[in-house]
Amino acid sequence: MALIGKIRKNFWFVLLLLGMALAAFIMMDMSGSGGPAGAVTSMTLGNIDGEKINYQEFQQTEQAYYRNAQLDAFQKRKNIWDFYVEKALIGNEAEDLGLNVSYDELMDLQFGVNQSPVIKSNWSDPQTGQVDQATLQQFRTTIESGEALNPEFRAYWAEQEKQIVKEALQAKLYSLINKSVYTPSWMAEETFKMENSKVDFNFVKIPFDEIDGTGIEVSDADLKAYMNEKKDQFTTKEETRTAQLAVFNVEATDADIQKIEERMVAMKAEFLQTENDSIFAVTNRGSYTHIYGTKDMLPEVAREEIAALNVGEVYGPFQEEDILFVVKMIDKRPVADTVEAKHILRSADRTNPQSVVTAQAYIDSLRNVITGGGDFEALAREHSQDPSAATNGGDLGKFVQSTMVREFGDVCFITGKEGGLYSVTTEFGVHLIKIEDQIFNNDEDKYRVSTIVQSVIPSQETQDSVYEIVSDIVISSRTIEDLQNALTNIEGVSLQESPPVMKNDFTLGDLGSNQGSRDIIMWMFESDTDSGEISPEVYRFSDQINYYDNKYVIAALDRIIPKGMKPLSDVRAQIEPIVLNRKKGEKFASELNVTSLEAVASQMNTEVQNAVDISLASDFVPGMGSEPKVIGMAFSSAVQSVSKPIVGNSGVYVISPLSVNEASAPNNIPFLKKNISTATKSQVAFKVLENLKENAKIKDNRSTFF
């Protein structure tokens, strides 16, 4: 009581202390997330030519517009980032050019006759491909009347409008650029000449594989010279890093499998006794089907045993890949492979018993007419409510069991007989079926089975055991060499180098695209992660079907590769054979004594080949492949002359032109100009965005957030 009294007397002092403590807590939190040791210093996810992308706005777009998108989280975020980048770049260009989207235009793009591709994509019926105009007009009425909208839908619609405006401005920008495309007459004439001037020539090809490379060495200087020659192919615009990865797969032990088998044996006894096979199978992760399958559709590892079962018997458990099965024979009998039938449909709703009764009475009356000699097809055209009956007279042609709903298929394949008339009720209504033909490919039994399954997965105990082993290795390994030594006694695990990755990548080699891969990449690009460092974390990777840890990964940062020319070590294996072939070809060409094609062919134990109607625009020549140097030489050499050896892309060539037919002057220049302009315009969409991105100042902070 004395303490409480003192607190009461010094209330303001206590309040001050609490305030100071709270302030200190907030400062600690800020330093933890945004200070020197933290990761996030602002909410700016990126900056595109001065236009900031706010993280919270980015998240809102993801939650409101992409919530139901059939993409993984990483691909969603990449798509959203691309949208914001393109929106900023297109918006800046549009503003400079005075382009905009008015309110009336936006309404027309959403609800009018000139609907945006965004609307067509988002509001089309997957079955028909047509936009659901009725639903759109309902939303328009709600929006224009000022009625309250569901908050989630309002957020979705706002994001959709951003997409529509961006797409519309982009289309306007592309349209302006397309209208500015001009092809001069001289270009049309030259293009026509390249495409229509033709050369015929004989040639001898000596493939690089047949050229002796003894004594030829490829130096680092040779390789670097080749890389400089083709800089665009070997230059990266962003820093990349590689990791050394030790992957520990978590697999079920013999003890785990035995426990699963014991559970399956217990379930097998219940499966044998149950009278409701379908419910039992589905509730035990199995399957039940009304379709009869052939013997070769049964599980291969137990095909003979299952086929030998009597109806009602079960077989198993047996394992196929990583699944244990128990199979029950529901029925076996010869069943037609295909059936040919006709039908008349009277629509009815099973939830409305009176409609079913009415439809059944209608079908019964039609059956009486047909039994009395009435024409089935004529009656189908007049009375069937299947829309196709008006043209086909109810004829369904030939079909297999799986194409029909169960009740219809059972009549045609199981209970019905060829030539019979049968009525059956399905989800569509009441049918009158006439079976024209039941076609059996053979008289062998077909099988209807039900299965229950259990995935063969490691127990939690096994997962924990592997995790403990991996954790101990991480704790004891200070260097990559330590890690390599620790792995020497572990079967099936070794260090593997990952492909180079960039800081925003979410796929890491064979580990795929998932949170584990992303977590490793984020660690690799932390500012204080050095080459040779081992991550203190054991990375978990989960089975996406059965939700257990299926692998644990140790990661070590291997190399940091600055932007610019790739290291020679990264491309050596790719380019060394190319450079070797080039050097082999040059040496061989310098030593080859050419007197005639026939002499070269005889010397190299090959034959003279012929190329006909080759133009300067030809991408491929039969017997040669892509060889622009050879084609150029064929056009520039005198007819009947024999060329010097030409080092091409796939070998060394010697050619002799037979004839050169220069193209005559084109007689429709406007048409040629139009074709070239059309081809140029087709590249505008890609080239414009590519160019805008290359010339923009883009600050990308995504890796700071996710």
# chains A, B, ... in the order shown; residues from 1 in each chain; ligands from 1
call {"tool": "residues_around", "arguments": {"residues": "segment 234-240 of chain A", "least_positions_apart": "5", "cutoff": "12 Å", "atoms": "only C-alpha atoms", "output": "PyMOL selection string"}}
result
chain A and resi 223-229+498-505+521+524-525+557-572+574-575+694+700
call {"tool": "residues_around", "arguments": {"residues": "Ser471 of chain A", "least_positions_apart": "3", "cutoff": "12 Å", "atoms": "only C-alpha atoms", "output": "ChimeraX atom specification"}}
result
/A:248,464-468,474-477,483,486,535-540,552-554
call {"tool": "residues_around", "arguments": {"residues": "Glu152 of chain A", "least_positions_apart": "6", "cutoff": "12 Å", "atoms": "only C-alpha atoms", "output": "short mmCIF file (atom, residue, chain, number, x, y, z; two decimals) with N, CA and C atoms, in the first residue's frame"}}
result
data_model
loop_
_atom_site.label_atom_id
_atom_site.label_comp_id
_atom_site.auth_asym_id
_atom_site.auth_seq_id
_atom_site.Cartn_x
_atom_site.Cartn_y
_atom_site.Cartn_z
N GLN A 60 -1.04 -2.70 -52.08
CA GLN A 60 -2.47 -2.54 -52.35
C GLN A 60 -2.83 -3.09 -53.72
N THR A 61 -1.97 -2.83 -54.69
CA THR A 61 -2.21 -3.36 -56.03
C THR A 61 -2.18 -4.88 -56.02
N GLN A 63 -2.81 -6.92 -53.48
CA GLN A 63 -3.94 -7.48 -52.75
C GLN A 63 -5.26 -7.26 -53.48
N ALA A 64 -5.42 -6.09 -54.10
CA ALA A 64 -6.71 -5.76 -54.72
C ALA A 64 -6.85 -6.35 -56.12
N TYR A 65 -5.78 -6.30 -56.92
CA TYR A 65 -5.91 -6.64 -58.34
C TYR A 65 -5.41 -8.03 -58.67
N TYR A 66 -4.42 -8.51 -57.92
CA TYR A 66 -3.79 -9.78 -58.25
C TYR A 66 -4.13 -10.89 -57.25
N ARG A 67 -5.07 -10.63 -56.35
CA ARG A 67 -5.35 -11.58 -55.29
C ARG A 67 -5.69 -12.96 -55.84
N ALA A 158 -10.56 0.29 -58.87
CA ALA A 158 -9.62 1.41 -58.95
C ALA A 158 -8.30 0.96 -59.58
N GLU A 159 -7.82 -0.23 -59.20
CA GLU A 159 -6.59 -0.75 -59.79
C GLU A 159 -6.78 -1.09 -61.25
#
call {"tool": "residues_around", "arguments": {"residues": "Asp200 of chain A", "least_positions_apart": "5", "cutoff": "6 Å", "atoms": "only C-alpha atoms", "output": "ChimeraX atom specification"}}
result
/A:611-613,658-659
call {"tool": "closest_atom_pairs", "arguments": {"of": "segment 446-549 of chain A", "to": "segment 331-345 of chain A", "cutoff": "6 Å", "atoms": "only C-alpha atoms", "output": "CSV"}}
result
residue,atom,partner,partner_atom,distance
A:Lys446,CA,A:Arg333,CA,5.5
A:Tyr447,CA,A:Lys332,CA,4.6
A:Arg448,CA,A:Asp331,CA,5.2
call {"tool": "write_last_selection", "arguments": {"atoms": "N, CA and C atoms", "output": "PDB file, in the first residue's frame"}}
result
ATOM      1  N   LYS A 446     -13.341 -55.149 -68.815  1.00  0.00           N
ATOM      2  CA  LYS A 446     -12.868 -53.831 -68.417  1.00  0.00           C
ATOM      3  C   LYS A 446     -13.162 -53.704 -66.932  1.00  0.00           C
ATOM      4  N   TYR A 447     -12.461 -52.756 -66.296  1.00  0.00           N
ATOM      5  CA  TYR A 447     -12.450 -52.733 -64.843  1.00  0.00           C
ATOM      6  C   TYR A 447     -12.874 -51.369 -64.306  1.00  0.00           C
ATOM      7  N   ARG A 448     -13.719 -51.424 -63.269  1.00  0.00           N
ATOM      8  CA  ARG A 448     -14.073 -50.211 -62.527  1.00  0.00           C
ATOM      9  C   ARG A 448     -13.544 -50.406 -61.117  1.00  0.00           C
TER      10      ARG A 448
END
call {"tool": "select_by_dssp", "arguments": {"residues": "segment 585-618 of chain A", "states": "helix (DSSP H, G or I)", "output": "number ranges by chain"}}
result
A: 585-591, 597-603
call {"tool": "atom_distance", "arguments": {"atom1": "atom CA of Gln401 of chain A", "atom2": "atom CA of Gly419 of chain A"}}
result
17.7 Å
call {"tool": "atom_distance", "arguments": {"atom1": "atom CA of Asn441 of chain A", "atom2": "atom CA of Ser423 of chain A"}}
result
26.6 Å
call {"tool": "residues_around", "arguments": {"residues": "Gly492 of chain A", "least_positions_apart": "2", "cutoff": "9 Å", "atoms": "only C-alpha atoms", "output": "ChimeraX atom specification"}}
result
/A:248-249,490,494
call {"tool": "residues_around", "arguments": {"residues": "Leu272 of chain A", "least_positions_apart": "4", "cutoff": "10 Å", "atoms": "only C-alpha atoms", "output": "list in words"}}
result
Met267, Lys268, Asp277, Gly312, Glu313, Val314, Tyr315, Val327, Lys328 and Met329 of chain A
call {"tool": "write_last_selection", "arguments": {"atoms": "N, CA and C atoms", "output": "mmCIF file, in the first residue's frame"}}
result
data_model
loop_
_atom_site.group_PDB
_atom_site.id
_atom_site.type_symbol
_atom_site.label_atom_id
_atom_site.label_comp_id
_atom_site.auth_asym_id
_atom_site.auth_seq_id
_atom_site.Cartn_x
_atom_site.Cartn_y
_atom_site.Cartn_z
ATOM 1 N N MET A 267 -6.645 -49.576 -42.857
ATOM 2 C CA MET A 267 -7.649 -48.966 -43.734
ATOM 3 C C MET A 267 -8.178 -49.977 -44.745
ATOM 4 N N LYS A 268 -7.307 -50.890 -45.154
ATOM 5 C CA LYS A 268 -7.698 -51.915 -46.128
ATOM 6 C C LYS A 268 -8.856 -52.757 -45.589
ATOM 7 N N ASP A 277 -18.185 -47.153 -51.227
ATOM 8 C CA ASP A 277 -16.798 -47.092 -51.683
ATOM 9 C C ASP A 277 -16.374 -45.685 -52.082
ATOM 10 N N GLY A 312 -15.490 -56.800 -55.331
ATOM 11 C CA GLY A 312 -15.562 -56.628 -53.888
ATOM 12 C C GLY A 312 -14.265 -56.908 -53.170
ATOM 13 N N GLU A 313 -13.276 -57.529 -53.863
ATOM 14 C CA GLU A 313 -11.999 -57.827 -53.232
ATOM 15 C C GLU A 313 -11.063 -56.623 -53.335
ATOM 16 N N VAL A 314 -10.056 -56.611 -52.454
ATOM 17 C CA VAL A 314 -9.087 -55.515 -52.452
ATOM 18 C C VAL A 314 -7.681 -56.082 -52.580
ATOM 19 N N TYR A 315 -6.773 -55.247 -53.070
ATOM 20 C CA TYR A 315 -5.373 -55.644 -53.193
ATOM 21 C C TYR A 315 -4.492 -54.495 -52.705
ATOM 22 N N VAL A 327 -6.295 -51.029 -53.750
ATOM 23 C CA VAL A 327 -7.273 -50.965 -54.838
ATOM 24 C C VAL A 327 -8.399 -51.957 -54.577
ATOM 25 N N LYS A 328 -9.628 -51.504 -54.806
ATOM 26 C CA LYS A 328 -10.804 -52.368 -54.649
ATOM 27 C C LYS A 328 -11.491 -52.530 -55.995
ATOM 28 N N MET A 329 -11.824 -53.793 -56.318
ATOM 29 C CA MET A 329 -12.524 -54.066 -57.564
ATOM 30 C C MET A 329 -14.018 -53.800 -57.357
#
call {"tool": "residues_around", "arguments": {"residues": "Gln163 of chain A", "least_positions_apart": "3", "cutoff": "9 Å", "atoms": "only C-alpha atoms", "output": "ChimeraX atom specification"}}
result
/A:83,87,118,158-160,166-168
call {"tool": "closest_residue", "arguments": {"among": "A:Leu324, A:Met194, A:Val424, A:Met297", "to": "Ala665 of chain A", "atoms": "only C-alpha atoms"}}
result
A:Met194
call {"tool": "atom_distance", "arguments": {"atom1": "atom CA of Ile363 of chain A", "atom2": "atom CA of Lys434 of chain A"}}
result
12.3 Å
call {"tool": "closest_residue", "arguments": {"among": "A:Asp386, A:Glu662, A:Glu51, A:Asp549", "to": "Gln463 of chain A", "atoms": "only C-alpha atoms"}}
result
A:Asp549
